[in-house]
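Enquirer: Handing you a structure now.
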Number of protein chains: 2
Amino acid sequence: MKTIASPIPGYTYGTSEAAQSPISIAELEQLKRSVGFTTEDERYIRMAGEVLDGQTKELVETWRGAIAQRPHLARHSKDPEGKPIPRYSEASGLRFQQWILDTCLRPWDQDWLNYQQEIALRHTALKKNATDGVSSTPHIPLRDVIAFTAVMNETVRPFLAAKGHSGEEIEKMHSAWRKSVQLQIALWAQPYCSSALAPDEW
Amino acid sequence: MKTIASPIPGYTYGTSEAAQSPISIAELEQLKRSVGFTTEDERYIRMAGEVLDGQTKELVETWRGAIAQRPHLARHSKDPEGKPIPRYSEASGLRFQQWILDTCLRPWDQDWLNYQQEIALRHTALKKNATDGVSSTPHIPLRDVIAFTAVMNETVRPFLAAKGHSGEEIEKMHSAWRKSVQLQIALWAQPYCSSALAPDEW
């Protein structure tokens, strides 16, 4: 599997340290249907992975630039006094880069589901900061997690177009990318949901 | 304001019957920043509204066709025996059509925020079925609400292209549409979230 560095601090993909997903592979298949992810999308998300490989650093820098322009988002990587935490930014930045490749290139199996849950928890008070042993905001509001993916989806496009693919290929890679992200944020919502809900309600 | 029928059963936009939004206009402004909604997007979402006006029936039929192909989604408009409920489908279909125009043409003010909360509640056990006095599934899982918007976003595009706009205009309408929908599902997640969360955590 392609990794952008080795080791990546706090990157527990495929290990017993990652959380356990609350949903089954069968439920994931339903969710793929809900999002409309087809075998064509599977081909194009792999193509997107080949295209984005080698550009992950610049892409994360683009996203972090967008975050930096939004103080209500930027605070989540800073300490309680609003100062940067270089070690936190560096480690989470490497994981963010790896997430791009994982989004495109990993098979959607139990390890993938489990690491989605790990990512989900790391947005919440249950695990944010703990991975890196830092002091920052206790959680990222779910609404901002959901909303900011729109900026990520918009700004990824020039990177998908950077290696000379046809307009149709770029559009199909972009569409597959958006569906994968939408499916992921559907999974990331789970830890925010009330434990009083029926499991099926989330 | 443009409405697709009058009256629309159960459509309480702008009335005291609609729920109260848990967030303020100032928090909505932050969420607009999170999703990257610009003044250009405001212009293009209005253009999308003009383009989709007159096509809302066909667009909702397209979405319902996609739902019909997914039994785990289709069950939410049926009775406990899996039979259609024509009155429910008709009323909710009119509201679905109106939602398209509202997404594009309504100002994002307190009435808009409040009706977003009303829509949100109507996906959950708190208000689903109650509006129309029907017996169907008690709720729609949040993950399917989030995921299925990807299908809606994909299938809206030919409708945006149906009135002879340039490729660039179509892309900009589509982008503004996607951001609006992403912001809306961020709002719709709220009633699913644990009341034990800090308000800022959702």
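Identifiers for the structure tokens are assigned positionally: chains receive A, B, ... in sequence, residues are indexed from 1 per chain, and ligands are indexed from 1 in the order shown.
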Considering only C-alpha atoms, tabulate each residue of segment 21-90 of chain B that lies at most 6 Å from segment 101-120 of chain B along with its nearest interatomic pair and the corresponding distance in Å to one decimal; arrange the rows by chain and ascending residue number and present them as a Markdown table.
Expert:
```
| residue | atom | partner | partner_atom | distance |
| --- | --- | --- | --- | --- |
| B:Ser21 | CA | B:Asn114 | CA | 4.5 |
| B:Ile45 | CA | B:Cys104 | CA | 5.0 |
| B:Arg46 | CA | B:Cys104 | CA | 5.3 |
| B:Gly49 | CA | B:Cys104 | CA | 4.7 |
```
Enquirer: Return the neighbours of chain B among the residues of chain A, cut-off 7 Å, counting only C-alpha atoms, as a list in words.
Expert: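 Those within range of chain B come out as Leu31, Ser34, Val35, Gly36, His139, Ile140, Pro141, Leu142, Arg143, Asp144, Ile146, Ala147, Phe148, Ala150, Val151, Lys179, Gln182, Leu183, Ala186, Leu187, Tyr192, Cys193, Ser194, Ser195, Asp200, Glu201 and Trp202 of chain A.
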Enquirer: Run DSSP on the backbone and tell me which residues of segment 32-73 of chain A come out as helix (DSSP H, G or I); list them as an mmCIF file with C-alpha atoms, in the first residue's frame.
Expert:
```cif
data_model
loop_
_atom_site.group_PDB
_atom_site.id
_atom_site.type_symbol
_atom_site.label_atom_id
_atom_site.label_comp_id
_atom_site.auth_asym_id
_atom_site.auth_seq_id
_atom_site.Cartn_x
_atom_site.Cartn_y
_atom_site.Cartn_z
ATOM 1 C CA LYS A 32 -22.472 2.594 -1.087
ATOM 2 C CA ARG A 33 -25.848 2.186 -2.768
ATOM 3 C CA SER A 34 -27.197 5.245 -0.934
ATOM 4 C CA VAL A 35 -24.316 7.362 -2.208
ATOM 5 C CA THR A 39 -17.941 0.049 -10.319
ATOM 6 C CA GLU A 40 -17.131 2.942 -12.665
ATOM 7 C CA ASP A 41 -16.563 5.134 -9.613
ATOM 8 C CA GLU A 42 -14.236 2.458 -8.233
ATOM 9 C CA ARG A 43 -12.120 2.738 -11.380
ATOM 10 C CA TYR A 44 -12.068 6.521 -11.314
ATOM 11 C CA ILE A 45 -11.275 6.842 -7.610
ATOM 12 C CA ARG A 46 -8.195 4.669 -8.245
ATOM 13 C CA MET A 47 -7.277 6.936 -11.153
ATOM 14 C CA ALA A 48 -7.687 9.911 -8.811
ATOM 15 C CA GLY A 49 -5.302 8.215 -6.393
ATOM 16 C CA GLU A 50 -2.644 7.873 -9.077
ATOM 17 C CA VAL A 51 -3.144 11.517 -10.019
ATOM 18 C CA LEU A 52 -3.044 12.848 -6.453
ATOM 19 C CA THR A 56 -0.696 15.295 -1.324
ATOM 20 C CA LYS A 57 1.607 17.797 0.390
ATOM 21 C CA GLU A 58 0.442 20.662 -1.817
ATOM 22 C CA LEU A 59 -3.192 19.617 -1.485
ATOM 23 C CA VAL A 60 -3.048 19.540 2.308
ATOM 24 C CA GLU A 61 -1.307 22.919 2.218
ATOM 25 C CA THR A 62 -4.179 24.231 0.087
ATOM 26 C CA TRP A 63 -6.755 22.932 2.557
ATOM 27 C CA ARG A 64 -4.820 24.263 5.528
ATOM 28 C CA GLY A 65 -4.606 27.614 3.782
ATOM 29 C CA ALA A 66 -8.399 27.588 3.532
ATOM 30 C CA ILE A 67 -8.657 26.607 7.201
ATOM 31 C CA ALA A 68 -6.246 29.385 8.197
ATOM 32 C CA PRO A 71 -10.492 31.377 12.526
ATOM 33 C CA HIS A 72 -13.416 29.268 13.775
ATOM 34 C CA LEU A 73 -11.778 26.288 12.029
#
```
Enquirer: Pick the closest to Ser6 of chain B from B:Ile100, B:Ala91, B:Ala19, B:Val156: which is it, counting only C-alpha atoms?
Expert: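 Using only C-alpha atoms, the shortest distance to Ser6 of chain B belongs to B:Ala91.
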Enquirer: What does the distance between atom CA of Ala18 of chain B and atom CA of Thr38 of chain B come to in Å, to one decimal place?
Expert: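 Answer for the atom CA of Ala18 of chain B to atom CA of Thr38 of chain B separation: 27.6 Å.
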Enquirer: I want to know what sits within 12 Å of Ile85 of chain A, based on only C-alpha atoms, with residues of the same chain fewer than 2 positions away left out; could you give that as a ChimeraX atom specification?
Expert: /A:74-83,87-93,129,132-137
Enquirer: Got a sec: who's within 8 Å of Ile4 of chain A, counting only C-alpha atoms, leaving out chain neighbours fewer than 2 positions off, as a list in words?
Expert: Lys2, Ser6, Leu94, Gln97 and Gln98 of chain A
Enquirer: Please indicate the distance in Å from atom CA of Arg95 of chain B to atom CA of Glu169 of chain B, rounded to one decimal place.
Expert: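 Separation of atom CA of Arg95 of chain B and atom CA of Glu169 of chain B: 27.2 Å.
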Enquirer: Could you check how far atom CA of Gly167 of chain B sits from atom CA of Phe96 of chain B, in Å to one decimal?
Expert: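 According to the coordinates, atom CA of Gly167 of chain B and atom CA of Phe96 of chain B are separated by 26.9 Å.
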